[in-house]
file my_file29.csv (CSV, C-alpha atoms)
chain,number,residue,atom,x,y,z
A,1372,MET,CA,126.7,50.8,110.1
A,1373,ASP,CA,129.6,48.8,111.3
A,1374,THR,CA,130.5,45.1,111.1
A,1375,ILE,CA,128.4,44.2,114.1
A,1376,ASP,CA,125.3,45.9,112.5
A,1377,ARG,CA,125.9,44.0,109.3
A,1378,HIS,CA,126.2,40.7,111.2
A,1379,ILE,CA,123.0,41.5,113.0
A,1380,LEU,CA,121.3,42.2,109.7
A,1381,ASN,CA,122.5,38.9,108.2
A,1382,ILE,CA,121.1,37.0,111.1
A,1383,LEU,CA,117.7,38.8,110.8
A,1384,ARG,CA,117.7,38.2,107.0
A,1385,LYS,CA,117.9,34.4,107.7
A,1386,ASP,CA,115.3,34.5,110.4
A,1387,GLY,CA,113.5,37.7,111.5
A,1388,ARG,CA,112.2,35.8,114.6
A,1389,THR,CA,115.7,35.1,116.0
A,1390,PRO,CA,115.6,36.1,119.7
A,1391,VAL,CA,117.7,39.2,120.6
A,1392,SER,CA,119.6,37.1,123.2
A,1393,GLU,CA,120.6,34.6,120.4
A,1394,ILE,CA,121.7,37.5,118.1
A,1395,ALA,CA,123.6,39.1,120.9
A,1396,ARG,CA,125.5,35.9,121.6
A,1397,ALA,CA,126.4,35.5,117.9
A,1398,VAL,CA,127.7,39.0,117.6
A,1399,GLY,CA,129.5,39.1,120.9
A,1400,LEU,CA,127.3,41.6,122.7
A,1401,SER,CA,125.0,41.5,125.7
A,1402,ALA,CA,121.2,41.6,124.9
A,1403,ALA,CA,120.6,45.2,125.9
A,1404,PRO,CA,123.1,46.9,123.5
A,1405,CYS,CA,122.2,44.4,120.8
A,1406,GLY,CA,118.5,45.3,121.2
A,1407,ARG,CA,119.4,49.0,121.0
A,1408,ARG,CA,121.3,48.5,117.8
A,1409,ILE,CA,118.3,46.7,116.3
A,1410,GLU,CA,115.9,49.4,117.5
A,1411,ARG,CA,118.2,52.1,116.0
A,1412,MET,CA,118.3,50.3,112.6
A,1413,GLU,CA,114.5,50.0,112.7
A,1414,LYS,CA,114.1,53.8,113.5
A,1415,ALA,CA,116.6,54.7,110.8
A,1416,GLY,CA,114.6,52.6,108.2
A,1417,VAL,CA,117.4,50.1,107.6
A,1418,ILE,CA,115.1,47.4,108.9
A,1419,ARG,CA,111.7,48.2,107.4
A,1420,GLY,CA,109.8,45.2,108.8
A,1421,TYR,CA,109.6,41.5,109.3
A,1422,THR,CA,107.8,39.0,107.1
A,1423,ALA,CA,106.9,35.4,106.7
A,1424,VAL,CA,108.3,33.5,103.7
A,1425,ILE,CA,105.3,31.7,102.1
A,1426,GLU,CA,105.6,28.4,100.1
A,1427,ASP,CA,103.2,29.2,97.3
A,1428,SER,CA,102.6,25.6,96.1
A,1429,ARG,CA,101.4,24.7,99.6
A,1430,ALA,CA,99.4,27.9,100.1
A,1431,GLY,CA,97.5,27.5,96.8
A,1432,THR,CA,98.9,30.6,95.1
A,1433,LEU,CA,101.3,31.4,92.3
A,1434,GLN,CA,103.6,34.3,91.7
A,1435,ALA,CA,104.6,36.0,88.5
A,1436,PHE,CA,106.6,39.0,87.3
A,1437,ILE,CA,105.1,41.5,84.9
A,1438,GLU,CA,107.4,43.7,82.9
A,1439,ILE,CA,105.7,47.0,82.0
A,1440,ARG,CA,106.5,49.7,79.4
A,1441,LEU,CA,104.9,53.0,80.2
A,1442,LEU,CA,103.6,55.5,77.7
A,1443,GLY,CA,106.0,58.5,77.4
A,1444,ALA,CA,108.6,59.3,80.0
A,1445,THR,CA,109.1,57.0,83.0
A,1446,ASP,CA,107.8,58.4,86.2
A,1447,SER,CA,108.4,56.4,89.4
A,1448,ASP,CA,105.2,58.0,90.9
A,1449,GLU,CA,103.2,56.4,88.1
A,1450,ILE,CA,104.7,53.0,88.8
A,1451,GLN,CA,103.9,53.4,92.5
A,1452,GLY,CA,100.4,54.5,91.6
A,1453,ILE,CA,99.8,51.4,89.5
A,1454,SER,CA,101.2,49.2,92.2
A,1455,GLU,CA,99.1,50.8,95.0
A,1456,SER,CA,95.9,50.5,92.9
A,1457,ILE,CA,96.2,46.7,92.3
A,1458,PRO,CA,96.3,44.7,95.6
A,1459,GLU,CA,97.9,41.6,94.0
A,1460,ILE,CA,101.1,43.6,93.3
A,1461,GLU,CA,103.5,42.9,96.2
A,1462,GLU,CA,106.6,44.7,94.8
A,1463,SER,CA,107.4,47.1,92.1
A,1464,HIS,CA,110.8,48.0,90.8
A,1465,SER,CA,111.8,50.8,88.4
A,1466,ILE,CA,114.4,49.2,86.1
A,1467,ALA,CA,116.8,50.2,83.4
A,1468,GLY,CA,116.5,48.7,80.0
A,1469,THR,CA,113.7,48.3,77.4
A,1470,SER,CA,111.0,48.0,80.1
A,1471,ASP,CA,110.3,50.6,82.8
A,1472,ALA,CA,109.3,48.5,85.7
A,1473,LEU,CA,109.1,45.0,87.0
A,1474,LEU,CA,106.1,44.0,89.2
A,1475,ARG,CA,106.0,40.9,91.4
A,1476,ILE,CA,102.4,39.7,91.9
A,1477,ARG,CA,100.8,36.9,93.9
A,1478,VAL,CA,97.5,35.4,92.6
A,1479,ARG,CA,95.3,32.3,93.1
A,1480,ASP,CA,95.6,30.8,89.6
A,1481,VAL,CA,96.1,31.5,85.9
A,1482,ASN,CA,92.6,33.0,85.5
A,1483,HIS,CA,93.3,35.4,88.4
A,1484,LEU,CA,96.7,36.2,86.7
A,1485,GLN,CA,94.9,37.2,83.5
A,1486,GLN,CA,92.6,39.5,85.5
A,1487,VAL,CA,95.6,41.2,87.1
A,1488,ILE,CA,97.3,41.7,83.7
A,1489,LYS,CA,94.2,43.3,82.3
A,1490,ALA,CA,93.9,45.6,85.3
A,1491,VAL,CA,97.6,46.7,84.8
A,1492,ARG,CA,96.9,47.3,81.1
A,1493,ARG,CA,93.7,49.3,81.9
A,1494,THR,CA,95.5,51.8,84.0
A,1495,GLY,CA,95.9,53.9,80.8
A,1496,LYS,CA,99.6,54.4,81.5
A,1497,VAL,CA,100.9,51.1,80.2
A,1498,GLU,CA,102.0,50.6,76.6
A,1499,GLY,CA,102.9,46.9,76.9
A,1500,THR,CA,103.5,44.1,79.3
A,1501,LYS,CA,105.4,40.8,79.4
A,1502,THR,CA,104.6,38.2,82.0
A,1503,PHE,CA,106.8,35.5,83.6
A,1504,ILE,CA,105.2,32.9,85.9
A,1505,ILE,CA,107.5,31.8,88.7
A,1506,MET,CA,108.0,28.1,88.8
A,1507,ASN,CA,110.5,27.8,91.6
A,1508,THR,CA,112.2,30.3,93.9
A,1509,TRP,CA,115.6,30.2,95.6
A,1510,THR,CA,116.8,33.0,97.8
A,1511,ARG,CA,119.9,33.2,99.9
A,1512,ALA,CA,117.9,34.1,103.0
A,1513,THR,CA,115.6,31.1,102.7
A,1514,GLU,CA,118.4,28.7,101.8
A,1515,GLN,CA,120.4,29.8,104.8
A,1516,ALA,CA,117.3,29.5,107.1
A,1517,GLY,CA,117.0,25.9,106.0
A,1518,THR,CA,113.9,26.3,103.9
A,1519,SER,CA,113.3,26.2,100.2

call {"tool": "encode", "arguments": {"input": "my_file29.csv", "output": "C-alpha cells"}}
result
Amino acid sequence: MDTIDRHILNILRKDGRTPVSEIARAVGLSAAPCGRRIERMEKAGVIRGYTAVIEDSRAGTLQAFIEIRLLGATDSDEIQGISESIPEIEESHSIAGTSDALLRIRVRDVNHLQQVIKAVRRTGKVEGTKTFIIMNTWTRATEQAGTS
C-alpha cells in the first residue's frame, strides 16, 4: 500500500461507483494501471465489496445497535454464529469493555426490533443486552459524497 493506493481507497470510500478513468485522473495515472491497482486490492481483500448507502427514513426502516454480554468466556466464533443466524444483523463487532459485542441491525419498526432482541436473547449464549435505536447517522464517507 502506497500513497496512490490510499488515495484510490479514499475516492472509492466516497463513491464506490466512481469510474476508473476518473479515479486515474485524480491520482495521476492512466486508466489501465489504476484499474490493475484496484483489482489487486480487491484480490488481496483490502477492498471487500461495494455497497449502497440507504437512507432509512425514506426506505421505511430503522437501525439499532445491540450490545451483548455472553455467558462465560468471549468467543468470536459464537458472536459470528449469532450474527449469521439472525438475518437482520448487518454487522457484528467484538469489543473491549463490559460488553462482548456490538451488533448493528436493520428492522422495519419497533415491533420488529423487539422480535430481533428476543431472537438474540434466545440463542442461549447471551447473558444480557442493551439496545440503542439510531436516530440520525453521519459518516465521513457519506458527508464527503454529498449525502447525509

call {"tool": "atom_distance", "arguments": {"input": "my_file29.csv", "atom1": "CA of Arg1396 in chain A", "atom2": "CA of Ile1425 in chain A"}}
result
28.4 Å

call {"tool": "closest_atom_pairs", "arguments": {"input": "my_file29.csv", "of": "range 1375-1480 of chain A", "to": "range 1492-1511 of chain A", "cutoff": "6 Å", "atoms": "only C-alpha atoms", "output": "JSON lines"}}
result
{"residue": "A:Gln1434", "atom": "CA", "partner": "A:Ile1505", "partner_atom": "CA", "distance": 5.5}
{"residue": "A:Ala1435", "atom": "CA", "partner": "A:Ile1504", "partner_atom": "CA", "distance": 4.1}
{"residue": "A:Phe1436", "atom": "CA", "partner": "A:Phe1503", "partner_atom": "CA", "distance": 5.1}
{"residue": "A:Ile1437", "atom": "CA", "partner": "A:Thr1502", "partner_atom": "CA", "distance": 4.4}
{"residue": "A:Glu1438", "atom": "CA", "partner": "A:Lys1501", "partner_atom": "CA", "distance": 5.0}
{"residue": "A:Ile1439", "atom": "CA", "partner": "A:Thr1500", "partner_atom": "CA", "distance": 4.5}
{"residue": "A:Arg1440", "atom": "CA", "partner": "A:Gly1499", "partner_atom": "CA", "distance": 5.2}
{"residue": "A:Leu1441", "atom": "CA", "partner": "A:Val1497", "partner_atom": "CA", "distance": 4.4}
{"residue": "A:Leu1442", "atom": "CA", "partner": "A:Glu1498", "partner_atom": "CA", "distance": 5.3}

call {"tool": "closest_residue", "arguments": {"input": "my_file29.csv", "among": "A:Leu1433, A:Ala1490, A:Ala1423, A:Val1481", "to": "Ser1454 in chain A", "atoms": "all atoms listed in the file"}}
result
A:Ala1490

call {"tool": "closest_atom_pairs", "arguments": {"input": "my_file29.csv", "of": "range 1468-1508 of chain A", "to": "range 1456-1460 of chain A", "cutoff": "7 Å", "atoms": "only C-alpha atoms", "output": "CSV"}}
result
residue,atom,partner,partner_atom,distance
A:Leu1474,CA,A:Ile1460,CA,6.5
A:Arg1475,CA,A:Ile1460,CA,5.9
A:Ile1476,CA,A:Ile1460,CA,4.3
A:Arg1477,CA,A:Glu1459,CA,5.5
A:Val1478,CA,A:Glu1459,CA,6.4

call {"tool": "closest_residue", "arguments": {"input": "my_file29.csv", "among": "A:His1464, A:Gly1431, A:Gly1443, A:Val1491", "to": "Arg1479 in chain A", "atoms": "all atoms listed in the file"}}
result
A:Gly1431

call {"tool": "atom_distance", "arguments": {"input": "my_file29.csv", "atom1": "CA of Thr1389 in chain A", "atom2": "CA of Asp1376 in chain A"}}
result
14.9 Å

call {"tool": "closest_residue", "arguments": {"input": "my_file29.csv", "among": "A:Met1412, A:Val1487, A:Ala1467, A:Ala1430", "to": "Met1372 in chain A", "atoms": "all atoms listed in the file"}}
result
A:Met1412

call {"tool": "residues_near_point", "arguments": {"input": "my_file29.csv", "point": "(107.1, 33.4, 108.1)", "cutoff": "10 Å", "atoms": "only C-alpha atoms", "output": "short mmCIF file (atom, residue, chain, number, x, y, z; two decimals) with C-alpha atoms, in the coordinates of the input"}}
result
data_model
loop_
_atom_site.label_atom_id
_atom_site.label_comp_id
_atom_site.auth_asym_id
_atom_site.auth_seq_id
_atom_site.Cartn_x
_atom_site.Cartn_y
_atom_site.Cartn_z
CA ASP A 1386 115.30 34.50 110.40
CA GLY A 1387 113.50 37.70 111.50
CA ARG A 1388 112.20 35.80 114.60
CA TYR A 1421 109.60 41.50 109.30
CA THR A 1422 107.80 39.00 107.10
CA ALA A 1423 106.90 35.40 106.70
CA VAL A 1424 108.30 33.50 103.70
CA ILE A 1425 105.30 31.70 102.10
CA GLU A 1426 105.60 28.40 100.10
#

call {"tool": "residues_around", "arguments": {"input": "my_file29.csv", "residues": "Ile1450 in chain A", "least_positions_apart": "4", "cutoff": "8 Å", "atoms": "all atoms listed in the file", "output": "NGL selection string"}}
result
:A and (1446 or 1454 or 1463 or 1465 or 1472)

call {"tool": "write_last_selection", "arguments": {"input": "my_file29.csv", "atoms": "C-alpha atoms", "output": "PDB file, in the coordinates of the input"}}
result
ATOM      1  CA  ASP A1446     107.800  58.400  86.200  1.00  0.00           C
ATOM      2  CA  SER A1454     101.200  49.200  92.200  1.00  0.00           C
ATOM      3  CA  SER A1463     107.400  47.100  92.100  1.00  0.00           C
ATOM      4  CA  SER A1465     111.800  50.800  88.400  1.00  0.00           C
ATOM      5  CA  ALA A1472     109.300  48.500  85.700  1.00  0.00           C
TER       6      ALA A1472
END

call {"tool": "closest_atom_pairs", "arguments": {"input": "my_file29.csv", "of": "range 1402-1481 of chain A", "to": "range 1379-1383 of chain A", "cutoff": "10 Å", "atoms": "all atoms listed in the file", "output": "CSV"}}
result
residue,atom,partner,partner_atom,distance
A:Cys1405,CA,A:Ile1379,CA,8.4
A:Arg1408,CA,A:Ile1379,CA,8.7
A:Ile1409,CA,A:Ile1379,CA,7.7
A:Met1412,CA,A:Leu1380,CA,9.1
A:Val1417,CA,A:Leu1380,CA,9.1
A:Ile1418,CA,A:Leu1380,CA,8.1
A:Tyr1421,CA,A:Leu1383,CA,8.7

call {"tool": "atom_distance", "arguments": {"input": "my_file29.csv", "atom1": "CA of Asp1480 in chain A", "atom2": "CA of Thr1432 in chain A"}}
result
6.4 Å

call {"tool": "closest_residue", "arguments": {"input": "my_file29.csv", "among": "A:Arg1384, A:Glu1461, A:Asp1448, A:Ala1395", "to": "Gly1420 in chain A", "atoms": "only C-alpha atoms"}}
result
A:Arg1384
